[in-house]
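Listing of model21.pdb; format and content: PDB, C-alpha atoms.
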```pdb
ATOM      1  CA  MET Z   1     -42.282 159.424 128.802
ATOM      2  CA  THR Z   2     -44.591 159.608 131.784
ATOM      3  CA  THR Z   3     -45.522 156.569 133.801
ATOM      4  CA  THR Z   4     -47.866 156.514 136.757
ATOM      5  CA  ARG Z   5     -46.340 154.921 139.792
ATOM      6  CA  PRO Z   6     -48.324 155.516 142.989
ATOM      7  CA  ALA Z   7     -46.375 155.821 146.206
ATOM      8  CA  THR Z   8     -48.238 152.856 147.601
ATOM      9  CA  SER Z   9     -48.976 150.346 144.899
ATOM     10  CA  THR Z  10     -52.005 148.175 145.273
ATOM     11  CA  GLY Z  11     -52.963 145.029 143.490
ATOM     12  CA  SER Z  12     -53.132 142.877 140.313
ATOM     13  CA  ALA Z  13     -54.923 140.156 138.576
ATOM     14  CA  THR Z  14     -51.475 138.771 138.774
ATOM     15  CA  ALA Z  15     -50.428 140.449 141.943
ATOM     16  CA  THR Z  16     -51.208 140.380 145.622
ATOM     17  CA  GLY Z  17     -54.397 141.992 146.606
ATOM     18  CA  PRO Z  18     -55.994 143.721 149.540
ATOM     19  CA  ALA Z  19     -55.959 142.163 152.951
ATOM     20  CA  ALA Z  20     -59.637 141.417 152.540
ATOM     21  CA  ALA Z  21     -58.855 139.047 149.662
ATOM     22  CA  ARG Z  22     -57.036 136.675 151.955
ATOM     23  CA  PRO Z  23     -56.413 136.542 155.695
ATOM     24  CA  ALA Z  24     -53.469 138.537 156.976
ATOM     25  CA  THR Z  25     -50.624 136.353 158.117
ATOM     26  CA  VAL Z  26     -50.360 136.736 161.849
ATOM     27  CA  PRO Z  27     -47.026 135.661 163.310
ATOM     28  CA  ARG Z  28     -47.238 132.418 165.219
ATOM     29  CA  SER Z  29     -47.227 132.949 168.928
ATOM     30  CA  ALA Z  30     -45.394 130.757 171.396
ATOM     31  CA  ALA Z  31     -44.362 130.900 174.995
ATOM     32  CA  PRO Z  32     -41.625 133.554 175.215
ATOM     33  CA  ALA Z  33     -39.407 131.263 177.265
ATOM     34  CA  ALA Z  34     -39.407 128.660 174.475
ATOM     35  CA  ARG Z  35     -38.094 131.060 171.853
ATOM     36  CA  SER Z  36     -34.570 132.228 171.216
ATOM     37  CA  ALA Z  37     -33.595 135.900 171.274
ATOM     38  CA  PRO Z  38     -33.307 136.060 167.461
ATOM     39  CA  ASP Z  39     -36.735 134.414 167.122
ATOM     40  CA  ARG Z  40     -38.293 137.035 169.372
ATOM     41  CA  LEU Z  41     -36.567 139.867 167.518
ATOM     42  CA  LEU Z  42     -37.753 138.561 164.155
ATOM     43  CA  ALA Z  43     -41.264 138.098 165.553
ATOM     44  CA  VAL Z  44     -41.406 141.830 166.260
ATOM     45  CA  LEU Z  45     -40.507 142.622 162.643
ATOM     46  CA  ALA Z  46     -42.911 139.959 161.337
ATOM     47  CA  ALA Z  47     -45.748 141.652 163.223
ATOM     48  CA  PHE Z  48     -45.784 144.241 160.422
ATOM     49  CA  ASP Z  49     -47.341 143.456 157.066
ATOM     50  CA  HIS Z  50     -49.289 145.255 154.329
ATOM     51  CA  ALA Z  51     -52.446 145.182 156.418
ATOM     52  CA  HIS Z  52     -50.628 146.282 159.595
ATOM     53  CA  THR Z  53     -48.128 149.017 158.757
ATOM     54  CA  ALA Z  54     -48.571 150.984 161.977
ATOM     55  CA  LEU Z  55     -48.657 149.188 165.324
ATOM     56  CA  SER Z  56     -48.870 150.216 168.934
ATOM     57  CA  LEU Z  57     -46.717 148.441 171.484
ATOM     58  CA  SER Z  58     -49.673 146.340 172.597
ATOM     59  CA  ASP Z  59     -50.342 145.412 168.954
ATOM     60  CA  ILE Z  60     -46.733 144.275 168.551
ATOM     61  CA  SER Z  61     -46.927 142.307 171.783
ATOM     62  CA  ARG Z  62     -50.109 140.529 170.695
ATOM     63  CA  ARG Z  63     -49.119 139.841 167.087
ATOM     64  CA  ALA Z  64     -45.604 138.699 167.987
ATOM     65  CA  GLY Z  65     -46.763 136.556 170.909
ATOM     66  CA  LEU Z  66     -44.542 138.410 173.378
ATOM     67  CA  THR Z  67     -45.060 139.971 176.780
ATOM     68  CA  LEU Z  68     -45.375 143.748 176.822
ATOM     69  CA  THR Z  69     -42.056 144.028 178.643
ATOM     70  CA  THR Z  70     -40.222 141.950 176.056
ATOM     71  CA  ALA Z  71     -41.948 143.708 173.157
ATOM     72  CA  HIS Z  72     -41.012 147.099 174.626
ATOM     73  CA  ARG Z  73     -37.364 146.114 175.028
ATOM     74  CA  LEU Z  74     -37.032 144.650 171.534
ATOM     75  CA  ALA Z  75     -38.962 147.448 169.824
ATOM     76  CA  GLY Z  76     -36.702 149.934 171.568
ATOM     77  CA  ALA Z  77     -33.570 148.162 170.352
ATOM     78  CA  LEU Z  78     -34.917 147.966 166.788
ATOM     79  CA  THR Z  79     -35.888 151.640 166.881
ATOM     80  CA  GLU Z  80     -32.440 152.656 168.080
ATOM     81  CA  TRP Z  81     -30.862 150.694 165.205
ATOM     82  CA  GLY Z  82     -33.301 152.137 162.662
ATOM     83  CA  ALA Z  83     -35.303 149.031 161.775
ATOM     84  CA  LEU Z  84     -38.372 150.644 163.351
ATOM     85  CA  GLU Z  85     -39.475 154.233 163.756
ATOM     86  CA  ARG Z  86     -41.755 155.573 166.511
ATOM     87  CA  ASP Z  87     -43.957 158.585 165.825
ATOM     88  CA  THR Z  88     -45.073 161.256 168.280
ATOM     89  CA  SER Z  89     -48.191 159.262 169.192
ATOM     90  CA  GLY Z  90     -46.095 156.243 170.187
ATOM     91  CA  VAL Z  91     -47.048 154.148 167.161
ATOM     92  CA  TYR Z  92     -44.317 152.106 165.467
ATOM     93  CA  HIS Z  93     -43.601 151.895 161.726
ATOM     94  CA  VAL Z  94     -40.993 150.012 159.679
ATOM     95  CA  GLY Z  95     -37.816 152.107 159.511
ATOM     96  CA  LEU Z  96     -35.712 153.176 156.556
ATOM     97  CA  ARG Z  97     -32.753 151.095 157.723
ATOM     98  CA  LEU Z  98     -34.633 147.955 156.709
ATOM     99  CA  TRP Z  99     -35.281 149.442 153.270
ATOM    100  CA  GLU Z 100     -31.556 150.119 152.889
ATOM    101  CA  ILE Z 101     -30.744 146.506 153.728
ATOM    102  CA  ALA Z 102     -33.536 145.107 151.540
ATOM    103  CA  ALA Z 103     -32.267 147.153 148.588
ATOM    104  CA  LEU Z 104     -29.164 144.952 148.573
ATOM    105  CA  ALA Z 105     -31.201 141.848 147.677
ATOM    106  CA  PRO Z 106     -30.244 140.747 144.138
ATOM    107  CA  ARG Z 107     -33.877 139.855 143.371
ATOM    108  CA  GLY Z 108     -35.113 143.184 144.717
ATOM    109  CA  LEU Z 109     -33.875 146.655 143.841
ATOM    110  CA  ALA Z 110     -30.949 145.423 141.721
ATOM    111  CA  LEU Z 111     -33.275 143.382 139.497
ATOM    112  CA  ARG Z 112     -35.758 146.255 139.351
ATOM    113  CA  GLN Z 113     -33.112 148.722 138.177
ATOM    114  CA  LEU Z 114     -31.997 146.453 135.341
ATOM    115  CA  ALA Z 115     -35.560 145.645 134.353
ATOM    116  CA  LEU Z 116     -37.117 149.108 134.537
ATOM    117  CA  PRO Z 117     -36.191 150.330 131.007
ATOM    118  CA  TYR Z 118     -37.796 147.220 129.498
ATOM    119  CA  LEU Z 119     -40.856 147.524 131.745
ATOM    120  CA  GLU Z 120     -41.265 151.122 130.625
ATOM    121  CA  ASP Z 121     -40.973 150.063 126.976
ATOM    122  CA  LEU Z 122     -43.673 147.446 127.595
ATOM    123  CA  TYR Z 123     -45.852 150.101 129.177
ATOM    124  CA  GLU Z 124     -45.328 152.437 126.218
ATOM    125  CA  SER Z 125     -46.332 149.722 123.750
ATOM    126  CA  THR Z 126     -49.470 148.694 125.667
ATOM    127  CA  HIS Z 127     -50.384 151.505 128.111
ATOM    128  CA  GLU Z 128     -51.590 148.760 130.441
ATOM    129  CA  ASN Z 129     -50.556 147.558 133.896
ATOM    130  CA  VAL Z 130     -47.010 146.168 133.786
ATOM    131  CA  GLN Z 131     -45.519 144.005 136.535
ATOM    132  CA  LEU Z 132     -42.255 142.353 137.515
ATOM    133  CA  ALA Z 133     -42.272 139.527 140.045
ATOM    134  CA  VAL Z 134     -40.074 136.889 141.663
ATOM    135  CA  ARG Z 135     -40.861 133.676 143.460
ATOM    136  CA  ASP Z 136     -40.716 133.203 147.212
ATOM    137  CA  GLY Z 137     -41.660 129.648 148.129
ATOM    138  CA  ALA Z 138     -45.239 128.945 147.065
ATOM    139  CA  GLU Z 139     -45.952 132.604 146.359
ATOM    140  CA  VAL Z 140     -45.075 135.276 143.846
ATOM    141  CA  VAL Z 141     -43.801 138.635 145.139
ATOM    142  CA  TYR Z 142     -44.170 141.792 143.062
ATOM    143  CA  THR Z 143     -41.003 143.884 142.881
ATOM    144  CA  GLU Z 144     -42.196 146.547 140.428
ATOM    145  CA  TRP Z 145     -45.459 147.823 138.980
ATOM    146  CA  ILE Z 146     -46.318 150.493 136.432
ATOM    147  CA  SER Z 147     -49.971 151.494 136.433
ATOM    148  CA  GLY Z 148     -51.811 151.463 133.115
ATOM    149  CA  ARG Z 149     -54.494 153.808 131.865
ATOM    150  CA  SER Z 150     -57.344 151.310 131.950
ATOM    151  CA  ALA Z 151     -59.532 150.914 134.986
ATOM    152  CA  VAL Z 152     -59.147 147.151 135.163
ATOM    153  CA  GLY Z 153     -59.984 146.003 138.675
ATOM    154  CA  VAL Z 154     -56.612 144.779 139.877
ATOM    155  CA  HIS Z 155     -55.124 144.917 143.344
ATOM    156  CA  ILE Z 156     -51.336 145.325 143.159
ATOM    157  CA  ARG Z 157     -48.632 146.815 145.280
ATOM    158  CA  VAL Z 158     -44.885 146.388 145.328
ATOM    159  CA  GLY Z 159     -44.173 143.637 147.855
ATOM    160  CA  ALA Z 160     -47.595 142.074 147.442
ATOM    161  CA  ARG Z 161     -47.982 138.306 147.278
ATOM    162  CA  TRP Z 162     -50.304 135.818 145.611
ATOM    163  CA  PRO Z 163     -50.182 132.025 145.269
ATOM    164  CA  LEU Z 164     -48.242 130.920 142.201
ATOM    165  CA  HIS Z 165     -51.112 129.080 140.496
ATOM    166  CA  ALA Z 166     -53.475 132.069 140.562
ATOM    167  CA  THR Z 167     -51.322 134.570 138.639
ATOM    168  CA  GLY Z 168     -49.756 134.866 135.205
ATOM    169  CA  VAL Z 169     -46.288 135.585 136.573
ATOM    170  CA  GLY Z 170     -46.712 132.744 139.056
ATOM    171  CA  LEU Z 171     -47.609 130.277 136.306
ATOM    172  CA  ALA Z 172     -44.593 131.419 134.268
ATOM    173  CA  LEU Z 173     -42.340 130.766 137.268
ATOM    174  CA  LEU Z 174     -43.934 127.485 138.370
ATOM    175  CA  ALA Z 175     -43.898 126.040 134.840
ATOM    176  CA  HIS Z 176     -40.088 126.122 134.828
ATOM    177  CA  ASP Z 177     -39.628 124.590 138.278
ATOM    178  CA  ASP Z 178     -38.322 121.033 138.603
ATOM    179  CA  PRO Z 179     -40.945 118.264 138.347
ATOM    180  CA  ASP Z 180     -40.693 117.196 141.996
ATOM    181  CA  SER Z 181     -41.353 120.740 143.205
ATOM    182  CA  GLN Z 182     -44.294 121.060 140.833
ATOM    183  CA  GLU Z 183     -45.774 117.811 142.129
ATOM    184  CA  ALA Z 184     -45.385 119.011 145.710
ATOM    185  CA  TYR Z 185     -47.080 122.308 144.854
ATOM    186  CA  TRP Z 186     -50.213 120.960 143.230
ATOM    187  CA  ALA Z 187     -50.489 118.216 145.848
ATOM    188  CA  GLY Z 188     -51.229 120.927 148.393
ATOM    189  CA  PRO Z 189     -54.418 122.983 148.669
ATOM    190  CA  LEU Z 190     -54.906 125.383 145.744
ATOM    191  CA  ALA Z 191     -56.593 128.542 147.024
ATOM    192  CA  SER Z 192     -59.562 129.882 145.062
ATOM    193  CA  PHE Z 193     -60.393 133.579 144.589
ATOM    194  CA  THR Z 194     -62.965 133.488 141.767
ATOM    195  CA  PRO Z 195     -64.922 130.702 140.041
ATOM    196  CA  TYR Z 196     -62.172 130.740 137.394
ATOM    197  CA  THR Z 197     -59.183 130.141 139.680
ATOM    198  CA  ILE Z 198     -57.308 126.945 138.820
ATOM    199  CA  THR Z 199     -57.879 124.560 141.722
ATOM    200  CA  ASP Z 200     -57.732 121.213 139.904
ATOM    201  CA  PRO Z 201     -54.216 119.674 139.908
ATOM    202  CA  VAL Z 202     -54.861 117.918 136.591
ATOM    203  CA  ARG Z 203     -55.835 121.190 134.931
ATOM    204  CA  LEU Z 204     -52.866 122.977 136.509
ATOM    205  CA  ARG Z 205     -50.529 120.330 135.103
ATOM    206  CA  ARG Z 206     -51.943 120.904 131.608
ATOM    207  CA  VAL Z 207     -51.672 124.681 131.944
ATOM    208  CA  LEU Z 208     -48.016 124.482 133.001
ATOM    209  CA  ALA Z 209     -47.223 122.212 130.069
ATOM    210  CA  GLU Z 210     -48.799 124.772 127.739
ATOM    211  CA  VAL Z 211     -46.736 127.561 129.323
ATOM    212  CA  ARG Z 212     -43.537 125.608 128.640
ATOM    213  CA  ARG Z 213     -44.659 124.908 125.069
ATOM    214  CA  THR Z 214     -45.588 128.488 124.166
ATOM    215  CA  GLY Z 215     -43.175 130.398 126.397
ATOM    216  CA  VAL Z 216     -45.972 132.541 127.870
ATOM    217  CA  ALA Z 217     -48.640 132.204 130.547
ATOM    218  CA  VAL Z 218     -52.155 133.549 130.071
ATOM    219  CA  SER Z 219     -54.072 133.902 133.332
ATOM    220  CA  THR Z 220     -57.750 134.794 132.980
ATOM    221  CA  ARG Z 221     -60.038 136.041 135.758
ATOM    222  CA  GLN Z 222     -58.202 134.125 138.457
ATOM    223  CA  ILE Z 223     -57.833 136.840 141.104
ATOM    224  CA  THR Z 224     -60.499 139.278 139.928
ATOM    225  CA  ASP Z 225     -63.194 138.402 137.430
ATOM    226  CA  ASP Z 226     -62.446 141.289 135.070
ATOM    227  CA  ALA Z 227     -58.713 140.966 134.421
ATOM    228  CA  LEU Z 228     -56.427 138.970 132.158
ATOM    229  CA  SER Z 229     -52.652 138.660 132.447
ATOM    230  CA  VAL Z 230     -50.031 137.665 129.880
ATOM    231  CA  ALA Z 231     -46.662 136.763 131.439
ATOM    232  CA  ALA Z 232     -43.267 135.502 130.298
ATOM    233  CA  PRO Z 233     -40.288 134.139 132.246
ATOM    234  CA  VAL Z 234     -37.076 136.089 132.821
ATOM    235  CA  ARG Z 235     -33.841 134.094 132.800
ATOM    236  CA  GLY Z 236     -30.588 134.652 134.643
ATOM    237  CA  PRO Z 237     -27.011 134.188 133.339
ATOM    238  CA  GLY Z 238     -27.173 130.387 133.485
ATOM    239  CA  GLY Z 239     -30.583 130.162 131.824
ATOM    240  CA  ALA Z 240     -32.576 129.445 134.991
ATOM    241  CA  VAL Z 241     -35.856 131.326 135.360
ATOM    242  CA  VAL Z 242     -35.369 133.975 138.049
ATOM    243  CA  ALA Z 243     -38.349 136.288 137.563
ATOM    244  CA  ALA Z 244     -41.375 136.945 135.366
ATOM    245  CA  VAL Z 245     -42.822 139.990 133.639
ATOM    246  CA  SER Z 246     -46.474 140.518 132.769
ATOM    247  CA  VAL Z 247     -49.071 142.910 131.450
ATOM    248  CA  VAL Z 248     -52.586 142.977 132.937
ATOM    249  CA  VAL Z 249     -55.534 144.173 130.868
ATOM    250  CA  PRO Z 250     -59.342 144.168 131.061
ATOM    251  CA  GLN Z 251     -60.505 140.664 130.239
ATOM    252  CA  VAL Z 252     -63.503 141.808 128.234
ATOM    253  CA  ASP Z 253     -61.515 143.218 125.303
ATOM    254  CA  ALA Z 254     -58.082 141.648 125.753
ATOM    255  CA  GLN Z 255     -56.067 141.334 122.544
ATOM    256  CA  VAL Z 256     -53.915 138.403 123.646
ATOM    257  CA  PRO Z 257     -52.190 137.730 120.278
ATOM    258  CA  ALA Z 258     -50.989 141.341 120.189
ATOM    259  CA  LEU Z 259     -49.801 141.301 123.799
ATOM    260  CA  ILE Z 260     -47.734 138.112 123.607
ATOM    261  CA  PRO Z 261     -44.888 139.461 121.393
ATOM    262  CA  ALA Z 262     -44.579 142.606 123.529
ATOM    263  CA  VAL Z 263     -44.338 140.651 126.769
ATOM    264  CA  ARG Z 264     -41.870 138.181 125.262
ATOM    265  CA  LEU Z 265     -39.697 141.038 124.027
ATOM    266  CA  ALA Z 266     -39.622 142.656 127.477
ATOM    267  CA  ALA Z 267     -38.747 139.349 129.165
ATOM    268  CA  ARG Z 268     -35.973 138.669 126.667
ATOM    269  CA  GLY Z 269     -34.552 142.163 127.131
ATOM    270  CA  ILE Z 270     -34.465 141.825 130.921
ATOM    271  CA  SER Z 271     -32.897 138.373 130.590
ATOM    272  CA  ARG Z 272     -30.124 139.758 128.389
ATOM    273  CA  ALA Z 273     -29.552 142.602 130.838
ATOM    274  CA  LEU Z 274     -29.075 139.965 133.541
ATOM    275  CA  GLY Z 275     -26.445 138.206 131.441
ATOM    276  CA  TRP Z 276     -28.477 135.460 129.748
ATOM    277  CA  ARG Z 277     -27.340 134.513 126.262
ATOM    278  CA  PRO Z 278     -29.641 132.123 124.362
ATOM    279  CA  GLU Z 279     -28.013 129.201 122.626
ATOM    280  CA  PRO Z 280     -27.587 129.718 118.838
TER
END
```
Please express the file's structure as structure tokens.
Amino acid sequence: MTTTRPATSTGSATATGPAAARPATVPRSAAPAARSAPDRLLAVLAAFDHAHTALSLSDISRRAGLTLTTAHRLAGALTEWGALERDTSGVYHVGLRLWEIAALAPRGLALRQLALPYLEDLYESTHENVQLAVRDGAEVVYTEWISGRSAVGVHIRVGARWPLHATGVGLALLAHDDPDSQEAYWAGPLASFTPYTITDPVRLRRVLAEVRRTGVAVSTRQITDDALSVAAPVRGPGGAVVAAVSVVVPQVDAQVPALIPAVRLAARGISRALGWRPEP
């Protein structure tokens, strides 16, 4: 079986898109004297994101809100440890040591390894974009992506983020949150990306109820106006929803009834691999 997995994934109608789709998150600056040493160190790392993968020392200083002297000292320490790497032109990049540490996250590489056979089966049965995602606060983070054959205009990459309400995987995760957390989410501003993005709290409440009733989330034209996503929740050993899997297809000829069983089967398989056993 051959799957296409670009070295740098980009996008999804249920994934995080290009920097142009939403403003890059710039680390909050503060007076250096008012920040602890760990805060300053983390600010250097937070200066990097998907839109800023290579930074000069002055870029780090500006984005982290640090003096050049402090940025130089901290970047040097992080480079020596392996969290950053500095190329021959003096530009800094995220180092492999951080990847090694991040791979230990149970919702990261470990989840991906267990889920990959089921994601590949889902790809083989649909030949469309397949995604695995977890929740991080008010956003969904994509931990795996297999590119489909269709040219649907999605913007996905591993590590990309989108607001929960605007994605299929996000709706599948949010629908199984506790009621108080759901209320807090839709009480806040609901970002819009297309005319079809759900921005009305009343409508969002109805959509989440339907997700719980059917066991799947169908997200149509919410991030791009040509894509549709079908997603299902993934459960951990105790039955709690810990991730979501989805397939993204062109909206114009989407065969939703045919996609739902395939997505459900993949989600159930991953759940069982994680130790979930449904009640008889």
**OP:** Taking the file above as input, evaluate the PyMOL selection byres ((chain Z and resi 171) around 12) and report the hits as a PyMOL selection string.
**Re:** chain Z and resi 14-15+133-135+138-140+162-170+172-177+182+185-186+198+204-212+215-220+222+229-233+241+243-246
**OP:** Step by step, work through what the PyMOL selection byres ((chain Z and resi 127) around 9) selects in the shown file, and finish by giving those residues as an MDAnalysis selection string.
**Re:** chainID Z and resid 122:126 128:130 147:150
Check what the PyMOL selection byres ((chain Z and resi 61) around 10) selects in the file above and give those residues as a PDB file with C-alpha atoms, in the frame of the given file.
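Listed below is the output, part.pdb:
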```pdb
ATOM      1  CA  SER Z  29     -47.227 132.949 168.928  1.00  0.00           C
ATOM      2  CA  ALA Z  43     -41.264 138.098 165.553  1.00  0.00           C
ATOM      3  CA  VAL Z  44     -41.406 141.830 166.260  1.00  0.00           C
ATOM      4  CA  ALA Z  47     -45.748 141.652 163.223  1.00  0.00           C
ATOM      5  CA  LEU Z  55     -48.657 149.188 165.324  1.00  0.00           C
ATOM      6  CA  SER Z  56     -48.870 150.216 168.934  1.00  0.00           C
ATOM      7  CA  LEU Z  57     -46.717 148.441 171.484  1.00  0.00           C
ATOM      8  CA  SER Z  58     -49.673 146.340 172.597  1.00  0.00           C
ATOM      9  CA  ASP Z  59     -50.342 145.412 168.954  1.00  0.00           C
ATOM     10  CA  ILE Z  60     -46.733 144.275 168.551  1.00  0.00           C
ATOM     11  CA  ARG Z  62     -50.109 140.529 170.695  1.00  0.00           C
ATOM     12  CA  ARG Z  63     -49.119 139.841 167.087  1.00  0.00           C
ATOM     13  CA  ALA Z  64     -45.604 138.699 167.987  1.00  0.00           C
ATOM     14  CA  GLY Z  65     -46.763 136.556 170.909  1.00  0.00           C
ATOM     15  CA  LEU Z  66     -44.542 138.410 173.378  1.00  0.00           C
ATOM     16  CA  THR Z  67     -45.060 139.971 176.780  1.00  0.00           C
ATOM     17  CA  LEU Z  68     -45.375 143.748 176.822  1.00  0.00           C
ATOM     18  CA  THR Z  69     -42.056 144.028 178.643  1.00  0.00           C
ATOM     19  CA  THR Z  70     -40.222 141.950 176.056  1.00  0.00           C
ATOM     20  CA  ALA Z  71     -41.948 143.708 173.157  1.00  0.00           C
ATOM     21  CA  HIS Z  72     -41.012 147.099 174.626  1.00  0.00           C
ATOM     22  CA  ALA Z  75     -38.962 147.448 169.824  1.00  0.00           C
TER      23      ALA Z  75
END
```
Original post:
Taking all atoms listed in the file into account, which of Z:Val94, Z:Leu84, Z:Ala227, Z:Leu78 comes nearest Ala254 in chain Z?
Top reply: Z:Ala227
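For the atom pair formed by CA of Gly238 in chain Z and CA of Ala115 in chain Z, the distance is 17.4 Å, given to one decimal.
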**OP:** Take CA of Gly95 in chain Z and CA of Leu42 in chain Z and report the distance between them in Å, one decimal.
**Re:**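 If I compute the distance from CA of Gly95 in chain Z to CA of Leu42 in chain Z, I get 14.3 Å.
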**OP:** Choose the residue, out of Z:Ile146, Z:Gly188, Z:Pro201, Z:Leu119, that has the smallest atom-to-atom separation from Arg268 in chain Z; count only C-alpha atoms.
**Re:**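 Looking only at the distances to Arg268 in chain Z, the closest residue turns out to be Z:Leu119.
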**OP:** Would you mind reading off the distance between CA of Ala160 in chain Z and CA of Tyr142 in chain Z, one decimal, in Å?
**Re:**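 Taking CA of Ala160 in chain Z as the start and CA of Tyr142 in chain Z as the end point, the length is 5.6 Å.
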Subject >> Contacts of Ala54 in chain Z at 9 Å (all atoms listed in the file; same-chain gap of 2+ positions) as a VMD selection string >> reply: chain Z and resid 48 51 to 52 56 91 to 94
Original post:
Which protein, DNA or RNA residues are at most 9 Å from (-65.1, 135.0, 144.8) in the file's coordinates when you count only C-alpha atoms, listed as a list of chain:residue names?
Top reply: Z:Ala21, Z:Ser192, Z:Phe193, Z:Thr194, Z:Pro195, Z:Ile223, Z:Thr224, Z:Asp225
**OP:** Have a look at Z:Gly159, Z:Arg86, Z:Leu190, Z:Gly137 and name the one nearest to Ala102 in chain Z; count only C-alpha atoms.
**Re:** Z:Gly159
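Closest approach to Gly236 in chain Z from the set Z:Asp136, Z:Ala258, Z:Leu111, Z:Glu279 is made by Z:Leu111, with distances taken over all atoms listed in the file.
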**OP:** Pull the neighbourhood of (-28.0, 141.6, 131.9) for me: all residues within 10 Å in file coordinates, counting all atoms listed in the file, as a count of residues only.
**Re:** 16
